[in-house]
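Novice: If it helps, the file is called target-v1.cif and holds mmCIF, C-alpha atoms and all ligand atoms:
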data_entry
#
loop_
_atom_site.label_atom_id
_atom_site.label_comp_id
_atom_site.auth_asym_id
_atom_site.auth_seq_id
_atom_site.Cartn_x
_atom_site.Cartn_y
_atom_site.Cartn_z
CA MET A 1 238.62 66.26 -23.80
CA PHE A 2 242.37 66.53 -23.22
CA ASN A 3 243.91 68.60 -26.00
CA PRO A 4 247.68 68.20 -26.23
CA LEU A 5 248.15 71.48 -28.07
CA LEU A 6 246.25 73.47 -25.44
CA HIS A 7 248.19 71.54 -22.89
CA THR A 8 251.47 72.71 -24.44
CA HIS A 9 250.27 76.27 -24.77
CA ALA A 10 249.17 76.38 -21.14
CA LEU A 11 252.56 75.33 -19.85
CA HIS A 12 254.39 77.61 -22.30
CA THR A 13 252.31 80.58 -21.20
CA LEU A 14 253.02 79.76 -17.62
CA VAL A 15 256.75 79.58 -18.27
CA LEU A 16 256.69 83.00 -19.97
CA THR A 17 254.62 84.47 -17.17
CA VAL A 18 257.00 83.17 -14.62
CA LEU A 19 259.95 84.43 -16.64
CA GLY A 20 258.48 87.90 -16.57
CA ASN A 21 257.67 87.93 -12.89
CA ARG A 22 259.83 85.69 -10.81
CA LEU A 23 263.24 85.12 -12.23
CA SER A 24 265.61 83.95 -9.55
CA TYR A 25 269.18 82.71 -9.41
CA SER A 26 269.41 79.42 -7.59
CA GLN A 27 273.13 78.68 -7.93
CA THR A 28 276.13 80.51 -9.33
CA THR A 29 278.91 78.57 -10.98
CA THR A 30 281.14 81.17 -12.65
CA LYS A 31 280.81 84.82 -13.42
CA ASN A 32 279.68 84.03 -16.97
CA GLN A 33 277.46 81.08 -16.28
CA ALA A 34 274.81 81.40 -13.67
CA VAL A 35 272.43 78.49 -13.37
CA GLN A 36 269.18 80.28 -13.54
CA GLY A 37 266.02 78.72 -12.26
CA MET A 38 262.46 79.53 -13.17
CA ASN A 39 260.65 78.75 -9.96
CA PHE A 40 256.94 78.17 -9.88
CA THR A 41 254.69 76.41 -7.46
CA ARG A 42 252.58 73.32 -7.97
CA ARG A 43 249.49 75.50 -7.60
CA GLN A 44 250.70 77.86 -10.36
CA VAL A 45 251.36 74.94 -12.69
CA ILE A 46 247.92 73.50 -12.04
CA ALA A 47 246.34 76.95 -12.46
CA ALA A 48 247.88 77.13 -15.93
CA GLY A 49 245.43 74.50 -17.12
CA ALA A 50 244.23 70.98 -16.64
CA GLY A 51 246.86 69.75 -19.06
CA ALA A 52 249.72 71.12 -17.04
CA GLY A 53 248.13 69.76 -13.90
CA ALA A 54 247.86 66.39 -15.58
CA LEU A 55 251.60 66.52 -16.24
CA LEU A 56 252.27 66.61 -12.53
CA GLY A 57 249.67 63.98 -11.84
CA THR A 58 251.12 61.50 -14.32
CA GLY A 59 254.38 61.48 -12.46
CA VAL A 60 256.36 63.28 -15.14
CA PHE A 61 258.13 65.11 -12.34
CA GLY A 62 257.83 62.16 -9.97
CA SER A 63 255.43 62.20 -7.05
CA ALA A 64 258.07 62.89 -4.42
CA ALA A 65 259.09 65.98 -6.38
CA ALA A 66 255.65 67.37 -7.11
CA ASP A 67 256.72 70.75 -5.73
CA THR A 68 260.02 70.77 -7.60
CA THR A 69 259.03 72.70 -10.68
CA THR A 70 262.16 74.68 -11.41
CA LEU A 71 263.30 74.64 -15.03
CA VAL A 72 267.05 75.16 -14.97
CA THR A 73 268.49 77.36 -17.70
CA LYS A 74 271.93 78.76 -18.43
CA PRO A 75 272.89 81.87 -20.41
CA ILE A 76 274.66 81.94 -23.74
CA PRO A 77 277.81 83.76 -22.57
CA GLY A 78 277.87 87.44 -23.42
CA THR A 79 274.12 87.56 -24.14
CA ASN A 80 270.88 87.77 -22.19
CA GLU A 81 269.59 84.62 -23.89
CA GLN A 82 268.85 81.63 -21.65
CA LEU A 83 268.71 77.99 -22.76
CA PRO A 84 267.21 75.09 -20.81
CA VAL A 85 270.04 72.77 -19.78
CA ILE A 86 268.50 69.75 -21.57
CA GLY A 87 267.96 69.75 -25.34
CA ILE A 88 267.43 66.92 -27.83
CA GLY A 89 269.70 65.25 -30.39
CA THR A 90 268.13 63.91 -33.56
CA ASN A 91 270.72 61.70 -35.25
CA ARG A 92 268.21 58.86 -35.28
CA TRP A 93 265.26 60.95 -36.50
CA ALA A 94 265.60 59.72 -40.08
CA ALA A 95 262.18 58.12 -40.06
CA GLY A 96 261.57 55.45 -42.67
CA GLY A 97 258.18 56.99 -43.28
CA SER A 98 255.86 54.52 -41.58
CA PRO A 99 252.97 56.35 -39.85
CA ALA A 100 253.77 54.65 -36.53
CA GLU A 101 257.39 55.76 -36.67
CA ILE A 102 256.44 59.37 -37.47
CA GLN A 103 253.80 59.33 -34.73
CA GLY A 104 256.45 58.22 -32.19
CA LEU A 105 258.69 61.15 -33.17
CA ARG A 106 255.75 63.59 -33.13
CA ASP A 107 254.87 62.47 -29.58
CA THR A 108 258.50 62.79 -28.52
CA LEU A 109 258.77 66.34 -29.91
CA GLN A 110 255.51 67.34 -28.29
CA GLY A 111 256.47 65.87 -24.91
CA PHE A 112 259.86 67.56 -25.14
CA ARG A 113 258.21 70.94 -25.78
CA GLU A 114 255.57 70.47 -23.08
CA LEU A 115 258.27 70.16 -20.46
CA GLY A 116 260.00 73.34 -21.62
CA GLY A 117 262.52 71.78 -24.07
CA ARG A 118 263.92 74.26 -26.59
CA VAL A 119 267.28 73.26 -28.05
CA ILE A 120 267.19 70.82 -31.00
CA ASP A 121 270.37 69.59 -32.62
CA THR A 122 270.25 68.11 -36.12
CA ALA A 123 272.43 67.81 -39.25
CA PRO A 124 272.10 67.13 -42.96
CA ALA A 125 274.27 64.06 -42.33
CA TYR A 126 271.44 62.54 -40.26
CA ARG A 127 269.70 61.44 -43.47
CA THR A 128 266.07 62.68 -43.43
CA SER A 129 266.15 64.13 -39.89
CA GLU A 130 266.04 67.80 -40.95
CA LYS A 131 263.08 67.14 -43.25
CA VAL A 132 261.18 65.13 -40.63
CA LEU A 133 261.84 67.80 -38.01
CA GLY A 134 260.81 70.64 -40.33
CA GLN A 135 257.53 68.88 -41.09
CA LEU A 136 256.70 67.98 -37.49
CA ILE A 137 257.55 71.47 -36.17
CA SER A 138 255.18 73.05 -38.72
CA GLU A 139 252.47 70.47 -38.15
CA LEU A 140 252.53 71.00 -34.39
CA GLY A 141 252.55 74.80 -34.77
CA PHE A 142 255.88 75.10 -32.93
CA ASP A 143 257.54 77.31 -35.57
CA ASP A 144 259.12 79.84 -33.24
CA ALA A 145 259.33 77.64 -30.17
CA PHE A 146 262.70 76.06 -30.71
CA PHE A 147 266.36 77.01 -30.75
CA LEU A 148 267.43 75.07 -33.87
CA ALA A 149 271.02 73.97 -34.37
CA THR A 150 272.22 72.27 -37.53
CA LYS A 151 275.58 71.63 -39.18
CA VAL A 152 277.59 71.89 -42.38
CA ASP A 153 279.89 69.06 -43.44
CA ARG A 154 281.63 70.05 -46.68
CA GLU A 155 285.20 71.05 -47.64
CA GLU A 156 284.46 73.47 -50.45
CA LYS A 157 282.94 76.91 -50.04
CA MET A 158 280.13 76.55 -52.62
CA ASP A 159 279.26 73.00 -51.44
CA GLY A 160 278.97 74.37 -47.92
CA ILE A 161 276.71 77.23 -49.04
CA ARG A 162 274.42 74.81 -50.92
CA ARG A 163 274.32 72.54 -47.88
CA MET A 164 273.34 75.41 -45.53
CA GLU A 165 270.68 76.74 -47.95
CA ASP A 166 269.22 73.25 -48.12
CA SER A 167 269.08 72.98 -44.30
CA LEU A 168 267.19 76.28 -44.06
CA THR A 169 264.69 75.05 -46.67
CA LYS A 170 264.13 71.70 -44.98
CA LEU A 171 263.73 73.28 -41.55
CA ASN A 172 261.42 76.02 -42.93
CA ARG A 173 263.60 78.80 -41.55
CA SER A 174 264.95 82.04 -42.98
CA THR A 175 267.37 82.26 -40.03
CA MET A 176 269.18 79.43 -38.27
CA ASP A 177 269.78 79.85 -34.53
CA LEU A 178 273.06 77.94 -34.59
CA MET A 179 275.14 76.69 -37.55
CA GLN A 180 278.02 74.38 -36.67
CA VAL A 181 280.93 72.92 -38.64
CA HIS A 182 280.33 69.17 -38.36
CA ASN A 183 283.36 67.26 -37.03
CA LEU A 184 285.57 70.28 -37.89
CA ARG A 185 285.36 69.40 -41.60
CA GLY A 186 286.54 72.29 -43.80
CA ALA A 187 286.36 74.45 -40.67
CA GLU A 188 288.25 77.53 -41.81
CA THR A 189 286.48 77.73 -45.18
CA GLN A 190 283.01 77.09 -43.76
CA LEU A 191 283.49 79.45 -40.80
CA LYS A 192 284.37 82.29 -43.16
CA THR A 193 280.98 81.89 -44.89
CA MET A 194 279.17 81.32 -41.62
CA LEU A 195 280.57 84.53 -40.12
CA GLU A 196 279.41 86.45 -43.22
CA TRP A 197 275.97 84.90 -42.81
CA ARG A 198 276.00 85.83 -39.13
CA ASP A 199 276.76 89.46 -40.04
CA ALA A 200 273.92 89.35 -42.59
CA GLY A 201 271.48 87.94 -39.98
CA ARG A 202 270.96 84.52 -41.59
CA ILE A 203 272.65 82.73 -38.69
CA ARG A 204 272.41 83.90 -35.09
CA TYR A 205 275.35 81.94 -33.67
CA VAL A 206 278.27 79.99 -35.17
CA GLY A 207 280.04 76.94 -33.76
CA ILE A 208 282.06 73.79 -34.36
CA THR A 209 281.49 70.19 -33.27
CA THR A 210 283.31 66.99 -32.55
CA SER A 211 282.41 63.78 -30.74
CA ARG A 212 285.96 62.35 -30.80
CA ASN A 213 288.67 62.82 -28.21
CA ASP A 214 291.35 62.65 -30.93
CA GLN A 215 289.91 65.90 -32.39
CA HIS A 216 290.04 67.85 -29.11
CA ALA A 217 293.47 69.37 -29.86
CA GLU A 218 292.30 70.60 -33.28
CA MET A 219 289.10 71.91 -31.72
CA ALA A 220 291.10 73.78 -29.06
CA ALA A 221 293.25 75.42 -31.75
CA LEU A 222 290.14 76.68 -33.57
CA MET A 223 288.64 77.89 -30.30
CA LYS A 224 291.75 80.03 -29.79
CA SER A 225 291.84 81.43 -33.33
CA MET A 226 288.18 81.88 -34.36
CA PRO A 227 285.39 84.09 -32.93
CA LEU A 228 283.04 81.18 -32.08
CA ASP A 229 279.80 81.54 -30.13
CA PHE A 230 279.36 77.80 -29.46
CA ILE A 231 281.23 74.54 -29.45
CA GLN A 232 279.74 71.04 -29.26
CA VAL A 233 281.73 68.23 -27.66
CA ASN A 234 281.41 64.69 -26.28
CA TYR A 235 281.22 64.54 -22.49
CA SER A 236 279.65 62.09 -20.05
CA LEU A 237 280.30 60.14 -16.87
CA ALA A 238 281.78 57.48 -19.17
CA ASP A 239 284.07 59.87 -21.04
CA ARG A 240 285.40 62.91 -19.18
CA ALA A 241 288.24 63.92 -21.52
CA ALA A 242 286.55 67.26 -22.36
CA GLU A 243 287.24 68.36 -18.76
CA ASP A 244 290.98 68.59 -19.50
CA VAL A 245 291.16 71.36 -22.08
CA ILE A 246 287.91 71.95 -23.99
CA LEU A 247 285.50 72.87 -21.19
CA PRO A 248 287.92 75.20 -19.32
CA LEU A 249 288.89 76.85 -22.62
CA ALA A 250 285.23 77.42 -23.54
CA GLU A 251 284.66 79.08 -20.17
CA ALA A 252 287.75 81.23 -20.51
CA ARG A 253 286.79 82.35 -24.01
CA GLY A 254 283.07 82.87 -23.23
CA MET A 255 281.75 80.15 -25.58
CA ALA A 256 278.51 78.26 -25.01
CA VAL A 257 278.87 74.46 -24.93
CA LEU A 258 276.46 71.83 -26.22
CA VAL A 259 277.29 68.29 -25.06
CA ASN A 260 276.80 65.34 -27.40
CA LEU A 261 276.86 61.67 -26.36
CA PRO A 262 275.90 62.61 -22.75
CA LEU A 263 274.60 59.05 -22.29
CA ALA A 264 277.62 57.48 -24.03
CA ARG A 265 275.28 56.30 -26.82
CA GLY A 266 273.23 54.38 -24.23
CA ARG A 267 276.23 52.46 -22.80
CA LEU A 268 275.74 54.07 -19.38
CA PHE A 269 272.33 52.40 -19.09
CA LYS A 270 273.88 49.00 -19.81
CA ALA A 271 276.50 49.58 -17.10
CA THR A 272 273.81 50.33 -14.51
CA ALA A 273 271.16 47.85 -15.70
CA ASP A 274 271.40 45.75 -12.53
CA VAL A 275 272.27 48.56 -10.15
CA GLU A 276 269.76 50.34 -7.95
CA LEU A 277 269.74 54.14 -8.12
CA PRO A 278 271.39 55.31 -4.87
CA GLY A 279 269.15 57.02 -2.30
CA TRP A 280 271.46 60.05 -2.18
CA ALA A 281 270.51 60.90 -5.81
CA ALA A 282 267.29 62.35 -4.35
CA GLU A 283 269.44 65.06 -2.74
CA PHE A 284 269.73 66.62 -6.19
CA ASP A 285 266.17 65.79 -7.27
CA CYS A 286 267.19 62.83 -9.40
CA ARG A 287 264.75 59.98 -9.92
CA SER A 288 266.24 57.85 -12.67
CA TRP A 289 269.56 56.80 -14.11
CA GLY A 290 268.94 59.02 -17.14
CA GLN A 291 268.61 62.05 -14.85
CA PHE A 292 271.66 60.90 -12.87
CA PHE A 293 273.83 60.90 -16.03
CA LEU A 294 272.42 64.15 -17.45
CA LYS A 295 272.51 66.14 -14.21
CA TYR A 296 276.17 65.20 -13.92
CA VAL A 297 276.90 66.64 -17.39
CA VAL A 298 274.96 69.88 -17.03
CA SER A 299 276.26 70.61 -13.53
CA HIS A 300 279.73 71.20 -15.00
CA SER A 301 280.21 74.98 -14.96
CA GLY A 302 281.47 74.96 -18.56
CA VAL A 303 278.43 73.16 -19.99
CA THR A 304 275.45 75.13 -21.29
CA CYS A 305 273.15 72.35 -22.53
CA ALA A 306 273.26 68.57 -23.07
CA ILE A 307 271.58 67.15 -26.18
CA PRO A 308 270.73 63.49 -25.43
CA GLY A 309 269.51 61.56 -28.46
CA MET A 310 265.96 60.39 -27.95
CA THR A 311 263.26 58.99 -30.18
CA ARG A 312 260.71 57.97 -27.52
CA LEU A 313 258.27 60.03 -25.50
CA ALA A 314 259.14 58.17 -22.29
CA HIS A 315 262.80 59.10 -22.75
CA ALA A 316 261.93 62.75 -23.45
CA ARG A 317 259.93 62.92 -20.23
CA ASP A 318 262.61 61.19 -18.23
CA ASN A 319 265.43 63.31 -19.62
CA LEU A 320 263.62 66.65 -19.30
CA GLY A 321 263.27 65.77 -15.62
CA ALA A 322 267.02 66.46 -15.43
CA ALA A 323 266.27 70.11 -16.25
CA TYR A 324 264.20 70.50 -13.09
CA GLY A 325 265.21 70.87 -9.47
CA ARG A 326 268.67 70.93 -7.97
CA LEU A 327 271.91 69.98 -9.71
CA PRO A 328 274.71 68.04 -8.01
CA ASP A 329 277.39 70.16 -6.31
CA ALA A 330 281.12 69.35 -6.40
CA ALA A 331 280.88 66.80 -3.57
CA MET A 332 277.94 65.03 -5.22
CA ARG A 333 279.70 65.02 -8.58
CA ALA A 334 282.68 63.31 -6.95
CA ARG A 335 280.30 60.74 -5.47
CA GLN A 336 278.75 60.11 -8.90
CA GLU A 337 282.21 59.61 -10.44
CA LYS A 338 283.18 57.18 -7.66
CA LEU A 339 280.02 55.15 -8.15
CA LEU A 340 280.53 54.86 -11.90
CA ALA A 341 284.19 53.93 -11.42
CA SER A 342 283.13 51.09 -9.09
CA LEU A 343 280.94 49.37 -11.70
N1 LIG B 1 280.08 65.18 -34.18
C1 LIG B 1 278.88 65.57 -33.86
O1 LIG B 1 278.50 66.68 -34.13
C2 LIG B 1 277.96 64.62 -33.16
C3 LIG B 1 278.31 63.28 -33.00
C4 LIG B 1 277.42 62.44 -32.32
C5 LIG B 1 276.23 62.94 -31.82
N2 LIG B 1 275.90 64.25 -32.02
C6 LIG B 1 274.63 64.81 -31.48
O2 LIG B 1 274.49 64.38 -30.14
C7 LIG B 1 273.22 63.73 -29.98
C8 LIG B 1 273.32 62.67 -28.92
O3 LIG B 1 274.14 61.59 -29.32
P1 LIG B 1 273.60 60.10 -29.40
O4 LIG B 1 272.13 60.15 -29.59
O5 LIG B 1 274.40 59.36 -30.42
O6 LIG B 1 274.02 59.48 -28.00
P2 LIG B 1 273.46 59.65 -26.50
O7 LIG B 1 272.64 60.87 -26.36
O8 LIG B 1 274.64 59.51 -25.59
O9 LIG B 1 272.56 58.33 -26.31
C9 LIG B 1 271.36 58.14 -27.00
C10 LIG B 1 270.81 56.74 -26.67
O10 LIG B 1 270.31 56.72 -25.33
C11 LIG B 1 268.95 56.28 -25.36
N3 LIG B 1 268.23 57.04 -24.31
C12 LIG B 1 267.98 58.36 -24.29
N4 LIG B 1 267.34 58.70 -23.15
C13 LIG B 1 267.16 57.56 -22.45
C14 LIG B 1 266.56 57.28 -21.21
N5 LIG B 1 266.04 58.25 -20.44
N6 LIG B 1 266.53 55.98 -20.76
C15 LIG B 1 267.07 55.00 -21.51
N7 LIG B 1 267.67 55.19 -22.72
C16 LIG B 1 267.71 56.49 -23.18
C17 LIG B 1 268.42 56.63 -26.73
O11 LIG B 1 267.31 55.81 -27.02
P3 LIG B 1 266.05 56.24 -27.93
O12 LIG B 1 266.60 56.74 -29.25
O13 LIG B 1 265.31 54.96 -28.07
O14 LIG B 1 265.24 57.28 -27.23
C18 LIG B 1 269.66 56.34 -27.57
O15 LIG B 1 269.78 54.96 -27.82
C19 LIG B 1 272.90 63.21 -31.39
O16 LIG B 1 271.53 62.94 -31.56
C20 LIG B 1 273.40 64.34 -32.24
O17 LIG B 1 272.44 65.38 -32.27
C21 LIG B 1 276.75 65.10 -32.66
#
What does this structure look like when you write it as C-alpha cells?
Ligand SMILES: NC(=O)c1ccc[n+]([C@@H]2O[C@H](COP(=O)([O-])OP(=O)(O)OC[C@H]3O[C@@H](n4cnc5c(N)ncnc54)[C@H](OP(=O)(O)O)[C@@H]3O)[C@@H](O)[C@H]2O)c1

Specialist:
Amino acid sequence: MFNPLLHTHALHTLVLTVLGNRLSYSQTTTKNQAVQGMNFTRRQVIAAGAGAGALLGTGVFGSAAADTTTLVTKPIPGTNEQLPVIGIGTNRWAAGGSPAEIQGLRDTLQGFRELGGRVIDTAPAYRTSEKVLGQLISELGFDDAFFLATKVDREEKMDGIRRMEDSLTKLNRSTMDLMQVHNLRGAETQLKTMLEWRDAGRIRYVGITTSRNDQHAEMAALMKSMPLDFIQVNYSLADRAAEDVILPLAEARGMAVLVNLPLARGRLFKATADVELPGWAAEFDCRSWGQFFLKYVVSHSGVTCAIPGMTRLAHARDNLGAAYGRLPDAAMRARQEKLLASL
C-alpha cells in the first residue's frame, strides 16, 4: 500500500544523496548568489521508491517535464547553507479546529515536504498558526526537516522576550532558524535581544520584515545600520517597488531575502483568469500561472526564497513546481513584465 511517510523519506534520501554526489551550478547571478541546482534523472527519482516514482506519474512535475527534476536552491549569503527558492507562508494556517481543516493543512505540509520544500514562515500574529504548525510537524515526524522562520511584534523588551519564548514553545524548538521583527515594530529594541540570542545560539539568523511599500525607506535605514542576516519584503509581478532600493541593498550588504505576497494575495490569478498561459513560458519550464508568477520573483538575483501563502495541497504541488527546472533570464523577465502590463 502507498505509504506517504515512506514516500517522503524516499525522496528526501534521494535529495541528500544527490546533494552529496552531484552538486552542480546551473546559472550564476551574482558573486554572492549562485542559483544552485540539484540535478537528478527520472530514473534516479523512480529508483528512490515507488512513492517518488508516483510523484512523477501523477503529473506533479507535468508530463512534458518528466525529466526536469532539478530543485533550485540559493545560498544564504556568507554561509554554505542552501535554501530551496520556494517556501511556504502560513498566515492563514489558524485552523478553526475542524478535523477536515486540519487534514487539509496536514496534506499541504506533507506535499510541500515531499517536493523538497524547507522554508516555513509563520508569526504569533497569525493567531493559532504556530501551534497548528508545531503539532503537524511533530505528528508527521518532520522535526528537523524545516527551516522555520517566525516573528516578534512587540515594542517593549520584556514583551518581546515573552513573545519569542512562546513561539519556541509552540513550535517545539529550542533554536529558531530565523527570528524576524514583524513590520519593523520596536525594531531596535527587539534586534538587540535577538542579536544576544543569536550569540547564545537560540536563534540562527535575525531579520526584519515589511509588506508595505511605505515602510521601505525605514527598512533600508535599518539594513544600513544593523547586522541583519535576512530581510523579508513584498515583491511580485504586480508590485515591483522592492527592485528600486531594497533588493539591490540586500545584495550589496550580503543579506538573504524572503519575499512575501509573491502572488499579490491571489490578485495575479484574478488578472489572468481568462488568459491562456503563453507557449514561451515552457522555455523556462513553467506550466501554470502560479509557476509563472513565482519563477519571476525568484529569478531576481537579490531574492533568496519566495514564501507564497498556501493552504491547499494542489497549490503546494503547483507552487513547488516553480522550484524545479530553468528560471527566466533577463529577456524572459522583460517579456513577463510586458505581458502583465498589457492585461
Ligand atoms: N509583514 C509581514 O511580515 C508579512 C505580511 C504579509 C505576508 N507575510 C508572509 O507572506 C506569506 C504570503 O503572503 P499571502 O499569503 O498573504 O499572499 P500571497 O502568497 O501573495 O497569496 C496567497 C493566496 O494565493 C493563493 N494561492 C497560492 N498558490 C496558488 C496557486 N498555485 N494557484 C492559485 N491560487 C494560489 C492562496 O490560496 P490558498 O490559501 O487557498 O492556498 C492565497 O489565497 C504569508 O503567508 C506570510 O507568511 C508576511

Novice: Would you tabulate, counting only C-alpha atoms, all residues of segment 144-206 of chain A that have an atom at most 12 Å from an atom of segment 298-314 of chain A, showing the closest pair of atoms and their distance in Å to one decimal, sorted by chain then ascending number, as CSV?

Specialist:
residue,atom,partner,partner_atom,distance
A:Phe147,CA,A:Cys305,CA,11.6
A:Leu148,CA,A:Ile307,CA,11.8
A:Ala149,CA,A:Ile307,CA,10.7

Novice: Write a file of the selected residues as a JSON list (two decimals), in the coordinates of the input, keeping C-alpha atoms.

Specialist:
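Result went into again-v2.json, see below:
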[["chain", "number", "residue", "atom", "x", "y", "z"],
["A", 147, "PHE", "CA", 266.36, 77.01, -30.75],
["A", 148, "LEU", "CA", 267.43, 75.07, -33.87],
["A", 149, "ALA", "CA", 271.02, 73.97, -34.37]]

Novice: Around ligand LIG 1 (chain B), which protein and nucleic acid residues have at least one atom no more than 8 Å from it, if we count all atoms listed in the file? List them as a tab-separated table (two decimals) with C-alpha atoms, in the frame of the given file.

Specialist:
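Below is the file pocket10.tsv, written as the result:
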chain	number	residue	atom	x	y	z
A	88	ILE	CA	267.43	66.92	-27.83
A	89	GLY	CA	269.70	65.25	-30.39
A	90	THR	CA	268.13	63.91	-33.56
A	91	ASN	CA	270.72	61.70	-35.25
A	92	ARG	CA	268.21	58.86	-35.28
A	120	ILE	CA	267.19	70.82	-31.00
A	121	ASP	CA	270.37	69.59	-32.62
A	122	THR	CA	270.25	68.11	-36.12
A	123	ALA	CA	272.43	67.81	-39.25
A	151	LYS	CA	275.58	71.63	-39.18
A	182	HIS	CA	280.33	69.17	-38.36
A	183	ASN	CA	283.36	67.26	-37.03
A	208	ILE	CA	282.06	73.79	-34.36
A	209	THR	CA	281.49	70.19	-33.27
A	210	THR	CA	283.31	66.99	-32.55
A	211	SER	CA	282.41	63.78	-30.74
A	212	ARG	CA	285.96	62.35	-30.80
A	232	GLN	CA	279.74	71.04	-29.26
A	233	VAL	CA	281.73	68.23	-27.66
A	234	ASN	CA	281.41	64.69	-26.28
A	236	SER	CA	279.65	62.09	-20.05
A	259	VAL	CA	277.29	68.29	-25.06
A	260	ASN	CA	276.80	65.34	-27.40
A	261	LEU	CA	276.86	61.67	-26.36
A	262	PRO	CA	275.90	62.61	-22.75
A	263	LEU	CA	274.60	59.05	-22.29
A	264	ALA	CA	277.62	57.48	-24.03
A	265	ARG	CA	275.28	56.30	-26.82
A	266	GLY	CA	273.23	54.38	-24.23
A	267	ARG	CA	276.23	52.46	-22.80
A	269	PHE	CA	272.33	52.40	-19.09
A	288	SER	CA	266.24	57.85	-12.67
A	289	TRP	CA	269.56	56.80	-14.11
A	290	GLY	CA	268.94	59.02	-17.14
A	291	GLN	CA	268.61	62.05	-14.85
A	307	ILE	CA	271.58	67.15	-26.18
A	308	PRO	CA	270.73	63.49	-25.43
A	309	GLY	CA	269.51	61.56	-28.46
A	310	MET	CA	265.96	60.39	-27.95
A	311	THR	CA	263.26	58.99	-30.18
A	312	ARG	CA	260.71	57.97	-27.52
A	313	LEU	CA	258.27	60.03	-25.50
A	314	ALA	CA	259.14	58.17	-22.29
A	315	HIS	CA	262.80	59.10	-22.75
A	316	ALA	CA	261.93	62.75	-23.45
A	317	ARG	CA	259.93	62.92	-20.23
A	318	ASP	CA	262.61	61.19	-18.23
A	319	ASN	CA	265.43	63.31	-19.62

Novice: Could you check which of A:Arg173, A:Arg287, A:Lys224, A:Arg154 is closest to Gln190 of chain A, using all atoms listed in the file?

Specialist: A:Arg154

Novice: Pick from A:Met223, A:Leu228, A:Met158, A:Leu136: nearest to Leu247 of chain A, with only C-alpha atoms counted?

Specialist: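 So, comparing all the options, the nearest one is A:Met223.
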
Novice: Can you measure atom CA of Gln135 of chain A to atom CA of Thr169 of chain A for me? One decimal in Å is fine.

Specialist: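 Separating atom CA of Gln135 of chain A from atom CA of Thr169 of chain A is a distance of 11.0 Å.
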
Novice: Can you tell me, as an MDAnalysis selection string, what residues are no more than 12 Å from segment 332-334 of chain A when counting only C-alpha atoms, ignoring any on the same chain fewer than 6 positions away?

Specialist: chainID A and resid 236:237 278 280:286 292:301 326 340:341

Novice: Keeping C-alpha atoms for every residue in the selection just given, could you write it to a file as a compact mmCIF listing (two decimals), keeping the file's coordinate frame?

Specialist:
# COMPACT_ATOMS: atom_id res chain seq x y z
CA SER A 236 279.65 62.09 -20.05
CA LEU A 237 280.30 60.14 -16.87
CA PRO A 278 271.39 55.31 -4.87
CA TRP A 280 271.46 60.05 -2.18
CA ALA A 281 270.51 60.90 -5.81
CA ALA A 282 267.29 62.35 -4.35
CA GLU A 283 269.44 65.06 -2.74
CA PHE A 284 269.73 66.62 -6.19
CA ASP A 285 266.17 65.79 -7.27
CA CYS A 286 267.19 62.83 -9.40
CA PHE A 292 271.66 60.90 -12.87
CA PHE A 293 273.83 60.90 -16.03
CA LEU A 294 272.42 64.15 -17.45
CA LYS A 295 272.51 66.14 -14.21
CA TYR A 296 276.17 65.20 -13.92
CA VAL A 297 276.90 66.64 -17.39
CA VAL A 298 274.96 69.88 -17.03
CA SER A 299 276.26 70.61 -13.53
CA HIS A 300 279.73 71.20 -15.00
CA SER A 301 280.21 74.98 -14.96
CA ARG A 326 268.67 70.93 -7.97
CA LEU A 340 280.53 54.86 -11.90
CA ALA A 341 284.19 53.93 -11.42

Novice: Return the single residue from A:Arg113, A:Arg335, A:Arg106, A:Lys170 that is closest to Ser129 of chain A, with distances computed using all atoms listed in the file.

Specialist: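 Closest residue, counting all atoms listed in the file: A:Lys170.
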
Novice: What's the separation between atom CA of Thr193 of chain A and atom CA of Met219 of chain A, in Å to one decimal place?

Specialist: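 These two atoms are separated by 18.4 Å.
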
Novice: As an MDAnalysis selection string, please: the residues near Leu83 of chain A (cut-off 12 Å, only C-alpha atoms, same-chain neighbours under 4 positions excluded).

Specialist: chainID A and resid 33:38 71:77 79 87 116:120 145:148 177 256:258 298 303:307 323

Novice: Quick one: distance from atom CA of Gly104 of chain A to atom CA of Val181 of chain A in Å, one decimal?

Specialist: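 So the two atoms, atom CA of Gly104 of chain A and atom CA of Val181 of chain A, lie 29.3 Å apart.
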
Novice: Looking at A:Thr175, A:Glu156, A:Ala273, A:Asp214, which one is nearest to Asp199 of chain A, with distances taken over only C-alpha atoms?

Specialist: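 Smallest distance to Asp199 of chain A is found for A:Thr175.
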